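K.L.:
Sharing run.csv below, CSV, C-alpha atoms:
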chain,number,residue,atom,x,y,z
A,1,MET,CA,-131.3,94.3,34.9
A,2,HIS,CA,-133.9,95.3,37.3
A,3,GLU,CA,-131.3,97.2,39.3
A,4,GLN,CA,-130.1,98.9,36.2
A,5,HIS,CA,-133.6,100.1,35.5
A,6,HIS,CA,-133.8,101.3,39.1
A,7,ILE,CA,-130.6,103.3,38.8
A,8,ASP,CA,-131.8,104.8,35.5
A,9,ASP,CA,-135.2,105.8,36.9
A,10,ARG,CA,-133.7,107.5,39.9
A,11,LEU,CA,-131.1,109.3,37.8
A,12,TRP,CA,-133.8,110.5,35.4
A,13,ASP,CA,-135.9,111.8,38.3
A,14,TYR,CA,-132.8,113.6,39.5
A,15,ILE,CA,-132.0,115.1,36.1
A,16,ASP,CA,-135.6,116.1,35.5
A,17,GLY,CA,-135.8,117.6,39.0
A,18,THR,CA,-138.9,115.6,39.9
A,19,CYS,CA,-137.5,113.9,43.0
A,20,SER,CA,-137.8,115.1,46.6
A,21,GLU,CA,-134.9,117.0,48.3
A,22,GLU,CA,-134.0,114.0,50.3
A,23,GLU,CA,-133.8,111.8,47.2
A,24,LYS,CA,-131.8,114.5,45.4
A,25,SER,CA,-129.2,114.6,48.2
A,26,PHE,CA,-129.1,110.8,48.3
A,27,VAL,CA,-128.5,110.5,44.5
A,28,GLU,CA,-125.9,113.3,44.6
A,29,GLU,CA,-124.0,111.3,47.3
A,30,LEU,CA,-124.2,108.1,45.2
A,31,ILE,CA,-123.0,110.0,42.1
A,32,ALA,CA,-120.1,111.4,44.1
A,33,THR,CA,-119.1,108.1,45.7
A,34,GLN,CA,-119.9,105.3,43.3
A,35,GLN,CA,-118.4,105.1,39.8
A,36,GLU,CA,-121.3,103.1,38.3
A,37,TRP,CA,-123.7,105.9,39.3
A,38,ARG,CA,-121.3,108.6,38.1
A,39,GLU,CA,-120.8,107.0,34.7
A,40,LYS,CA,-124.5,106.3,34.3
A,41,TYR,CA,-125.4,109.9,35.3
A,42,HIS,CA,-123.0,111.5,32.8
A,43,ALA,CA,-124.3,109.2,30.0
A,44,LEU,CA,-127.9,110.0,30.8
A,45,LEU,CA,-127.1,113.7,31.2
A,46,ASP,CA,-125.5,113.8,27.7
A,47,VAL,CA,-128.6,112.2,26.2
A,48,HIS,CA,-130.8,114.7,28.1
A,49,GLN,CA,-128.8,117.7,26.9
A,50,LEU,CA,-128.8,116.3,23.4
A,51,MET,CA,-132.5,116.1,23.3
A,52,GLN,CA,-132.9,119.5,24.9
A,53,HIS,CA,-131.0,121.2,22.2
A,54,SER,CA,-131.3,119.0,19.1
A,55,ILE,CA,-135.0,118.1,18.6
A,56,ASP,CA,-136.2,119.7,15.4
A,57,LEU,CA,-139.7,120.3,14.3
A,58,ASP,CA,-141.0,119.5,10.9
A,59,GLU,CA,-142.6,122.3,9.0
A,60,PRO,CA,-145.8,122.0,7.0
A,61,SER,CA,-146.3,123.5,3.5
A,62,LEU,CA,-146.1,127.2,3.0
A,63,ARG,CA,-149.8,127.4,2.4
A,64,PHE,CA,-150.7,125.8,5.7
A,65,THR,CA,-151.8,128.9,7.5
A,66,GLN,CA,-153.7,130.1,4.5
A,67,ASN,CA,-155.5,126.7,4.2
A,68,VAL,CA,-156.5,126.9,7.9
A,69,MET,CA,-157.7,130.5,7.6
A,70,GLU,CA,-159.7,129.5,4.5
A,71,GLY,CA,-161.1,126.6,6.4
A,72,ILE,CA,-162.3,128.8,9.3
A,73,ALA,CA,-163.5,131.7,7.1
A,74,ARG,CA,-167.0,130.3,6.8
A,75,LEU,CA,-167.2,129.0,10.4
A,76,GLN,CA,-168.5,130.6,13.5
A,77,ILE,CA,-167.0,130.0,16.9
A,78,ALA,CA,-169.4,127.8,18.9
A,79,PRO,CA,-170.8,129.4,22.0
A,80,ALA,CA,-169.2,128.2,25.2
A,81,ALA,CA,-170.9,125.2,26.6
A,82,LYS,CA,-171.5,126.9,30.0
A,83,SER,CA,-173.5,129.6,28.2
A,84,TYR,CA,-176.3,127.2,27.2
A,85,ILE,CA,-175.9,124.5,29.9
A,86,ASP,CA,-177.6,126.0,32.9
A,87,LYS,CA,-176.5,124.2,36.0
A,88,ARG,CA,-179.8,125.1,37.7
A,89,VAL,CA,-181.6,122.9,35.3
A,90,ILE,CA,-179.3,120.0,36.1
A,91,TYR,CA,-179.8,120.6,39.8
A,92,GLY,CA,-183.5,120.8,39.3
A,93,ILE,CA,-183.6,117.5,37.5
A,94,ALA,CA,-181.5,116.0,40.3
A,95,ALA,CA,-183.8,117.4,42.9
A,96,PHE,CA,-186.8,115.9,41.1
A,97,PHE,CA,-185.2,112.4,41.2
A,98,PHE,CA,-184.3,112.8,44.9
A,99,VAL,CA,-187.9,113.8,45.7
A,100,MET,CA,-189.2,110.8,43.7
A,101,LEU,CA,-186.8,108.5,45.5
A,102,ALA,CA,-187.9,109.9,48.9
A,103,GLY,CA,-191.5,109.5,47.9
A,104,PHE,CA,-190.9,105.8,47.0
A,105,LEU,CA,-189.1,105.3,50.2
A,106,LEU,CA,-192.0,106.8,52.3
A,107,TYR,CA,-194.5,104.8,50.3
A,108,GLY,CA,-192.5,101.6,50.9
A,109,ILE,CA,-192.3,102.4,54.6
A,110,GLY,CA,-196.0,103.2,54.7
A,111,GLN,CA,-196.8,99.7,53.3
A,112,ILE,CA,-195.2,98.1,56.3
A,113,ASN,CA,-197.6,96.9,59.0
A,114,TRP,CA,-195.8,98.4,62.0
A,115,SER,CA,-198.6,97.4,64.4
A,116,ALA,CA,-197.9,93.7,64.0
A,117,GLY,CA,-196.6,92.6,67.4
A,118,ALA,CA,-195.0,96.0,68.2
A,119,GLY,CA,-197.5,97.4,70.7
A,120,ALA,CA,-198.0,101.1,71.3
A,121,THR,CA,-194.9,102.2,69.3
A,122,GLY,CA,-196.0,100.1,66.4
A,123,SER,CA,-199.5,101.6,66.3
A,124,LEU,CA,-198.0,105.1,66.6
A,125,LEU,CA,-195.6,104.5,63.8
A,126,ASN,CA,-198.5,103.1,61.8
A,127,LYS,CA,-200.5,106.3,62.3
A,128,ILE,CA,-197.5,108.5,61.2
A,129,THR,CA,-196.6,106.5,58.2
A,130,SER,CA,-200.0,105.6,57.0
A,131,PRO,CA,-201.9,108.8,56.8
A,132,LYS,CA,-205.5,108.7,55.5
A,133,ILE,CA,-204.5,108.8,51.9
A,134,ASP,CA,-205.8,106.2,49.5
A,135,TRP,CA,-202.5,105.5,47.7
A,136,SER,CA,-204.1,103.0,45.4
A,137,LEU,CA,-205.7,105.9,43.6
A,138,PHE,CA,-202.2,107.1,42.6
A,139,PHE,CA,-200.3,103.8,42.3
A,140,ASN,CA,-202.6,101.4,40.6
A,141,ASN,CA,-201.7,102.2,37.0
A,142,THR,CA,-199.1,99.9,35.4
A,143,TYR,CA,-197.6,102.7,33.3
A,144,VAL,CA,-197.2,105.0,36.3
A,145,ASN,CA,-195.4,102.2,38.1
A,146,ILE,CA,-193.1,101.6,35.1
A,147,PHE,CA,-192.4,105.4,34.9
A,148,MET,CA,-191.5,105.5,38.6
A,149,MET,CA,-189.2,102.5,38.3
A,150,VAL,CA,-187.4,104.2,35.4
A,151,ASN,CA,-187.1,107.3,37.6
A,152,VAL,CA,-185.6,105.2,40.4
A,153,VAL,CA,-183.0,103.7,38.1
A,154,MET,CA,-182.0,107.1,36.7
A,155,GLY,CA,-181.8,108.5,40.1
A,156,LEU,CA,-179.4,105.8,41.2
A,157,MET,CA,-177.3,106.4,38.1
A,158,LEU,CA,-177.1,110.1,39.0
A,159,LEU,CA,-176.0,109.2,42.5
A,160,ASP,CA,-173.3,106.9,41.1
A,161,MET,CA,-172.0,109.7,38.9
A,162,TYR,CA,-171.9,112.1,41.8
A,163,LEU,CA,-170.1,109.6,44.0
A,164,THR,CA,-167.6,108.8,41.2
A,165,ARG,CA,-166.9,112.5,40.7
A,166,LYS,CA,-166.3,112.9,44.4
A,167,LYS,CA,-163.9,110.0,44.5
A,168,LYS,CA,-161.9,111.4,41.5
A,169,GLN,CA,-161.7,114.8,43.2
A,170,SER,CA,-160.5,113.3,46.5
A,171,ARG,CA,-157.9,111.2,44.5
A,172,GLY,CA,-156.8,114.3,42.7
A,173,LYS,CA,-156.3,116.1,46.0
A,174,LEU,CA,-154.3,113.2,47.4
A,175,SER,CA,-151.9,113.1,44.3
B,1,MET,CA,-142.3,128.0,23.1
B,2,GLN,CA,-143.7,130.5,25.7
B,3,THR,CA,-147.4,130.8,26.1
B,4,GLY,CA,-149.2,132.9,28.5
B,5,PRO,CA,-150.6,136.4,28.3
B,6,ASN,CA,-149.7,136.7,24.6
B,7,ASP,CA,-151.8,133.6,23.7
B,8,ASN,CA,-154.7,134.8,25.9
B,9,SER,CA,-154.7,138.2,24.3
B,10,ILE,CA,-154.9,136.8,20.8
B,11,ILE,CA,-157.7,134.5,21.9
B,12,SER,CA,-159.6,137.4,23.3
B,13,ARG,CA,-159.3,139.3,20.1
B,14,VAL,CA,-160.5,136.3,18.1
B,15,LEU,CA,-163.5,135.9,20.4
B,16,GLN,CA,-164.3,139.5,19.9
B,17,GLY,CA,-164.6,138.9,16.2
B,18,GLU,CA,-161.1,139.6,14.9
B,19,GLN,CA,-160.8,136.3,12.9
B,20,GLN,CA,-157.5,137.2,11.2
B,21,ALA,CA,-155.8,137.3,14.6
B,22,TYR,CA,-156.2,133.5,14.7
B,23,ALA,CA,-153.5,133.3,12.0
B,24,ASP,CA,-150.9,134.4,14.7
B,25,LEU,CA,-151.8,131.4,16.8
B,26,VAL,CA,-151.6,129.1,13.8
B,27,LYS,CA,-148.2,130.3,12.8
B,28,ARG,CA,-146.9,130.0,16.4
B,29,TYR,CA,-148.0,126.3,16.8
B,30,GLN,CA,-148.2,124.9,13.3
B,31,ASN,CA,-144.7,123.4,13.3
B,32,PHE,CA,-145.3,121.7,16.6
B,33,VAL,CA,-148.8,120.4,15.7
B,34,PHE,CA,-147.6,119.2,12.4
B,35,SER,CA,-144.6,117.4,13.9
B,36,ILE,CA,-146.8,115.5,16.3
B,37,CYS,CA,-149.2,114.6,13.5
B,38,LEU,CA,-146.3,113.3,11.5
B,39,ARG,CA,-145.5,110.8,14.3
B,40,TYR,CA,-148.8,109.2,13.7
B,41,ALA,CA,-149.3,109.7,10.0
B,42,PRO,CA,-146.0,109.3,8.2
B,43,ALA,CA,-147.4,110.6,4.9
B,44,ARG,CA,-147.0,114.4,4.9
B,45,GLU,CA,-150.3,115.0,3.2
B,46,ASP,CA,-152.2,113.1,5.9
B,47,ALA,CA,-150.3,114.8,8.6
B,48,GLU,CA,-151.1,118.2,7.2
B,49,GLU,CA,-154.7,117.3,6.8
B,50,ILE,CA,-154.9,116.2,10.4
B,51,ALA,CA,-153.0,119.4,11.6
B,52,GLN,CA,-155.4,121.6,9.6
B,53,ASP,CA,-158.3,119.8,11.1
B,54,VAL,CA,-156.9,120.4,14.6
B,55,PHE,CA,-156.7,124.1,14.1
B,56,VAL,CA,-160.2,124.3,12.7
B,57,LYS,CA,-161.5,122.3,15.6
B,58,ALA,CA,-159.6,124.5,18.0
B,59,TYR,CA,-161.1,127.6,16.4
B,60,ARG,CA,-164.7,126.3,16.6
B,61,SER,CA,-164.2,125.4,20.3
B,62,LEU,CA,-162.2,128.5,21.2
B,63,ALA,CA,-165.0,129.8,23.4
B,64,ASP,CA,-164.7,126.7,25.6
B,65,PHE,CA,-161.0,127.4,26.4
B,66,ARG,CA,-161.3,128.5,30.0
B,67,GLY,CA,-157.7,129.7,30.4
B,68,ASP,CA,-157.0,127.7,33.5
B,69,ALA,CA,-154.4,125.6,31.6
B,70,ARG,CA,-152.0,126.8,28.9
B,71,PHE,CA,-153.4,127.2,25.4
B,72,SER,CA,-150.6,124.9,24.2
B,73,THR,CA,-151.8,122.1,26.5
B,74,TRP,CA,-155.4,122.5,25.4
B,75,LEU,CA,-154.3,122.5,21.7
B,76,TYR,CA,-152.2,119.4,22.1
B,77,THR,CA,-155.1,117.6,23.7
B,78,ILE,CA,-157.0,118.2,20.5
B,79,VAL,CA,-154.0,117.0,18.5
B,80,HIS,CA,-153.9,113.8,20.5
B,81,THR,CA,-157.6,113.0,20.0
B,82,SER,CA,-157.4,113.9,16.3
B,83,CYS,CA,-154.4,111.6,15.8
B,84,LEU,CA,-156.2,108.8,17.5
B,85,SER,CA,-159.3,109.3,15.4
B,86,PHE,CA,-157.1,109.2,12.3
B,87,LEU,CA,-155.5,105.9,13.4
B,88,ARG,CA,-158.9,104.4,14.0
B,89,LYS,CA,-160.2,105.4,10.6
B,90,LYS,CA,-157.1,104.7,8.7
B,91,ARG,CA,-156.2,101.4,10.4
B,92,PRO,CA,-152.6,101.4,9.2
B,93,ASP,CA,-150.9,98.2,8.2
B,94,ILE,CA,-149.4,97.4,11.6
B,95,LYS,CA,-146.7,94.7,11.4
B,96,SER,CA,-145.8,92.5,14.3
B,97,LEU,CA,-142.4,93.3,15.8
B,98,ASP,CA,-141.6,89.6,15.5
B,99,ASP,CA,-142.1,89.6,11.8
B,100,ASP,CA,-138.8,88.9,10.1
B,101,ARG,CA,-139.7,91.2,7.2
B,102,VAL,CA,-139.9,94.1,9.7
B,103,PHE,CA,-136.4,93.4,10.8
B,104,ALA,CA,-135.2,93.1,7.2
B,105,ALA,CA,-136.8,96.5,6.4
B,106,ALA,CA,-135.2,98.0,9.5
B,107,ASP,CA,-131.9,96.6,8.5
B,108,THR,CA,-132.3,98.2,5.1
B,109,LEU,CA,-133.1,101.5,6.7
B,110,ASP,CA,-130.2,101.0,9.0
B,111,SER,CA,-127.7,100.4,6.2
B,112,GLY,CA,-129.2,103.4,4.4
B,113,LEU,CA,-128.6,105.6,7.4
B,114,ARG,CA,-125.1,104.3,7.8
B,115,ALA,CA,-124.4,105.0,4.2
B,116,ASN,CA,-125.6,108.6,4.7
B,117,GLN,CA,-123.7,109.1,8.0
B,118,VAL,CA,-121.0,111.2,6.4
B,119,GLU,CA,-123.7,113.7,5.2
B,120,GLN,CA,-125.6,113.5,8.4
B,121,LYS,CA,-122.9,114.2,10.9
B,122,SER,CA,-124.8,116.8,12.8
B,123,ARG,CA,-126.1,115.7,16.2
B,124,ILE,CA,-129.4,117.4,15.4
B,125,ALA,CA,-130.0,115.2,12.4
B,126,MET,CA,-128.9,112.1,14.4
B,127,VAL,CA,-131.4,112.8,17.2
B,128,ASN,CA,-134.2,113.6,14.9
B,129,GLN,CA,-133.7,110.5,12.8
B,130,ALA,CA,-133.6,108.4,15.9
B,131,ILE,CA,-136.8,109.9,17.1
B,132,ARG,CA,-138.4,109.0,13.7
B,133,LEU,CA,-137.5,105.4,14.5
B,134,LEU,CA,-139.4,105.4,17.7
B,135,GLY,CA,-143.1,104.4,18.1
B,136,PRO,CA,-145.6,107.3,17.8
B,137,ASP,CA,-146.3,107.5,21.5
B,138,ASP,CA,-142.7,107.5,22.5
B,139,ALA,CA,-141.8,110.2,19.9
B,140,LYS,CA,-144.8,112.2,21.1
B,141,VAL,CA,-143.9,112.1,24.8
B,142,ILE,CA,-140.3,113.1,24.0
B,143,THR,CA,-141.4,115.9,21.7
B,144,LEU,CA,-144.0,117.3,24.1
B,145,PHE,CA,-141.5,117.2,27.0
B,146,TYR,CA,-138.5,118.6,25.3
B,147,LYS,CA,-139.9,120.8,22.6
B,148,GLY,CA,-143.4,121.5,23.8
B,149,GLU,CA,-142.1,122.4,27.3
B,150,GLN,CA,-145.0,120.6,28.8
B,151,SER,CA,-144.8,119.3,32.3
B,152,LEU,CA,-145.5,115.7,33.2
B,153,GLU,CA,-148.9,116.7,34.6
B,154,GLU,CA,-149.7,118.6,31.4
B,155,ILE,CA,-148.7,115.7,29.2
B,156,GLY,CA,-150.9,113.5,31.4
B,157,LEU,CA,-153.8,115.8,30.7
B,158,ILE,CA,-153.1,115.7,27.0
B,159,MET,CA,-152.8,112.0,26.7
B,160,GLY,CA,-155.4,111.2,29.3
B,161,MET,CA,-153.0,109.4,31.7
B,162,GLU,CA,-151.7,109.9,35.2
B,163,PRO,CA,-148.5,111.9,35.6
B,164,ASN,CA,-146.7,108.8,37.1
B,165,THR,CA,-147.6,106.8,34.0
B,166,ILE,CA,-146.2,109.6,31.8
B,167,LYS,CA,-143.0,109.6,33.9
B,168,VAL,CA,-142.5,105.9,33.2
B,169,LYS,CA,-143.3,106.4,29.5
B,170,LEU,CA,-140.9,109.2,29.3
B,171,HIS,CA,-138.1,107.2,30.9
B,172,ARG,CA,-138.8,104.2,28.6
B,173,ALA,CA,-138.9,106.5,25.6
B,174,ARG,CA,-135.6,108.0,26.4
B,175,GLN,CA,-134.1,104.6,27.0
B,176,ARG,CA,-135.4,103.4,23.6
B,177,LEU,CA,-134.1,106.5,21.9
B,178,ARG,CA,-130.7,105.9,23.4
B,179,GLU,CA,-130.8,102.4,22.2
B,180,LYS,CA,-131.7,103.5,18.7
B,181,MET,CA,-129.0,106.1,18.7
B,182,GLU,CA,-126.4,103.6,19.9
B,183,LYS,CA,-127.6,101.0,17.3
B,184,HIS,CA,-127.8,103.3,14.3
B,185,PHE,CA,-125.3,106.0,15.1
B,186,SER,CA,-122.8,104.2,17.4
B,187,GLN,CA,-119.8,106.2,16.2
B,188,GLU,CA,-121.5,109.6,16.5
B,189,VAL,CA,-122.7,108.7,20.0
B,190,LYS,CA,-119.2,107.7,21.0
B,191,ASP,CA,-117.9,111.0,19.6
B,192,LEU,CA,-120.5,112.9,21.6
B,193,VAL,CA,-120.2,111.1,25.0
Please rewrite the model in this file as structure tokens.
P.N.:
Amino acid sequence: MHEQHHIDDRLWDYIDGTCSEEEKSFVEELIATQQEWREKYHALLDVHQLMQHSIDLDEPSLRFTQNVMEGIARLQIAPAAKSYIDKRVIYGIAAFFFVMLAGFLLYGIGQINWSAGAGATGSLLNKITSPKIDWSLFFNNTYVNIFMMVNVVMGLMLLDMYLTRKKKQSRGKLS
Amino acid sequence: MQTGPNDNSIISRVLQGEQQAYADLVKRYQNFVFSICLRYAPAREDAEEIAQDVFVKAYRSLADFRGDARFSTWLYTIVHTSCLSFLRKKRPDIKSLDDDRVFAAADTLDSGLRANQVEQKSRIAMVNQAIRLLGPDDAKVITLFYKGEQSLEEIGLIMGMEPNTIKVKLHRARQRLREKMEKHFSQEVKDLV
């Protein structure tokens, strides 16, 4: 049964012209040399030609076009989405989130005590990452912290969407 | 059904304000859209309602048609989503294929068809009746491929599936169609083959 399906699938690919040249030659050879393939091929070809020339379409009522035109008479064509969705706005929002994420990262790094047992390198790093800014003036408010957490989460979602799109594009190129 | 510059020129005219030009597009595709809708909504009134809704939606979104795919492909995508919406709202009485009553009903249909076989000798009637016995997705794939002249990739775009999945669906649909034809029209099939 499985083999039967396999023969059918290969013959349909051949009839539809969706197989490679190599496969096409191989199938032609099988049709020429094997009776089972030949009989199956002619049976499928008959069905294929039958469907090509015999499928009828149903017709709607005579008033159909008129009904549609009456339906659209009061409508306006909506403006194209690209005309009101400005990509620069989207890129701007994305840039905002990236800046926020970078800011959080730097703040986090700045909280680390680099000088603990690291010697000269540690104290140098400490000087670079801990400039003379009193961060507590900016980050001591609970609501500000919650707002920034929300920004981080949204930024991560944006990154996920971007990576998913990239993956789909690369899959599309491969297929 | 050839699309191409003709469809695009009509669309340009409609977008420039010539609303009546849209009637040409409706006339060109109404039979096809209606036929597909009929696969999902057996009642003609429902199918016509869906088909009209499809053309209205297409008109409203015409500015979003970029022209990188064929207009027919874009239109059939709207048909597909509209039919699925209809099925979700309507929730037709779906019977299990294992239900004996379904087989009894099918047998009644079968005997009815055989009784009419003298009148329905033409192969066109046979094929179309066999297609009506298929499930909606099978009938749609076959109609899109053979009558809509859509490629596997285009059908994949319409139905939201990979082309390989469509290829398998098409093969299975043809197999089932062949089985239906052999079961219900065995003598006619023998005459043809």
K.L.:
Using all atoms listed in the file, which residues sit within 9 Å of segment 30-45 of chain B once same-chain residues fewer than 3 positions away are excluded, as a PDB file with C-alpha atoms, in the frame of the given file?
P.N.:
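Result went into around_0.pdb, see below:
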ATOM      1  CA  ASP A  56    -136.200 119.700  15.400  1.00  0.00           C
ATOM      2  CA  LEU A  57    -139.700 120.300  14.300  1.00  0.00           C
ATOM      3  CA  ASP A  58    -141.000 119.500  10.900  1.00  0.00           C
ATOM      4  CA  GLU A  59    -142.600 122.300   9.000  1.00  0.00           C
ATOM      5  CA  PRO A  60    -145.800 122.000   7.000  1.00  0.00           C
ATOM      6  CA  PHE A  64    -150.700 125.800   5.700  1.00  0.00           C
ATOM      7  CA  THR A  65    -151.800 128.900   7.500  1.00  0.00           C
TER       8      THR A  65
ATOM      9  CA  LEU B  25    -151.800 131.400  16.800  1.00  0.00           C
ATOM     10  CA  VAL B  26    -151.600 129.100  13.800  1.00  0.00           C
ATOM     11  CA  LYS B  27    -148.200 130.300  12.800  1.00  0.00           C
ATOM     12  CA  GLU B  48    -151.100 118.200   7.200  1.00  0.00           C
ATOM     13  CA  GLU B  49    -154.700 117.300   6.800  1.00  0.00           C
ATOM     14  CA  ILE B  50    -154.900 116.200  10.400  1.00  0.00           C
ATOM     15  CA  ALA B  51    -153.000 119.400  11.600  1.00  0.00           C
ATOM     16  CA  GLN B  52    -155.400 121.600   9.600  1.00  0.00           C
ATOM     17  CA  VAL B  54    -156.900 120.400  14.600  1.00  0.00           C
ATOM     18  CA  PHE B  55    -156.700 124.100  14.100  1.00  0.00           C
ATOM     19  CA  LEU B  75    -154.300 122.500  21.700  1.00  0.00           C
ATOM     20  CA  TYR B  76    -152.200 119.400  22.100  1.00  0.00           C
ATOM     21  CA  VAL B  79    -154.000 117.000  18.500  1.00  0.00           C
ATOM     22  CA  HIS B  80    -153.900 113.800  20.500  1.00  0.00           C
ATOM     23  CA  SER B  82    -157.400 113.900  16.300  1.00  0.00           C
ATOM     24  CA  CYS B  83    -154.400 111.600  15.800  1.00  0.00           C
ATOM     25  CA  LEU B  84    -156.200 108.800  17.500  1.00  0.00           C
ATOM     26  CA  PHE B  86    -157.100 109.200  12.300  1.00  0.00           C
ATOM     27  CA  LEU B  87    -155.500 105.900  13.400  1.00  0.00           C
ATOM     28  CA  PRO B  92    -152.600 101.400   9.200  1.00  0.00           C
ATOM     29  CA  ARG B 132    -138.400 109.000  13.700  1.00  0.00           C
ATOM     30  CA  LEU B 134    -139.400 105.400  17.700  1.00  0.00           C
ATOM     31  CA  GLY B 135    -143.100 104.400  18.100  1.00  0.00           C
ATOM     32  CA  PRO B 136    -145.600 107.300  17.800  1.00  0.00           C
ATOM     33  CA  ASP B 137    -146.300 107.500  21.500  1.00  0.00           C
ATOM     34  CA  ALA B 139    -141.800 110.200  19.900  1.00  0.00           C
ATOM     35  CA  LYS B 140    -144.800 112.200  21.100  1.00  0.00           C
ATOM     36  CA  THR B 143    -141.400 115.900  21.700  1.00  0.00           C
ATOM     37  CA  LEU B 144    -144.000 117.300  24.100  1.00  0.00           C
ATOM     38  CA  LYS B 147    -139.900 120.800  22.600  1.00  0.00           C
ATOM     39  CA  GLY B 148    -143.400 121.500  23.800  1.00  0.00           C
TER      40      GLY B 148
END
K.L.:
Compute the set of chain A residues within 10 Å of chain B, using all atoms listed in the file, and express it as a VMD selection string.
P.N.:
chain A and resid 5 8 to 9 12 to 13 16 18 42 to 61 64 to 73 75 to 83 175
K.L.:
Quick one: distance from atom CA of Thr77 of chain B to atom CA of Glu154 of chain B in Å, one decimal?
P.N.:
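Result for atom CA of Thr77 of chain B versus atom CA of Glu154 of chain B: 9.5 Å, one decimal.
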K.L.:
What lies within 12 Å of Val153 of chain A using only C-alpha atoms, ignoring chain neighbours under 6 positions off, as a ChimeraX atom specification?
P.N.:
/A:97-98,100-101,146-147,159-160
K.L.:
Report the distance between atom CA of Glu39 of chain A and atom CA of His6 of chain A in Å, rounded to one decimal place.
P.N.:
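Atom-to-atom, atom CA of Glu39 of chain A to atom CA of His6 of chain A, that is 14.9 Å.
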K.L.:
Take atom CA of Lys40 of chain A and atom CA of Gln150 of chain B and report the distance between them in Å, one decimal.
P.N.:
25.6 Å
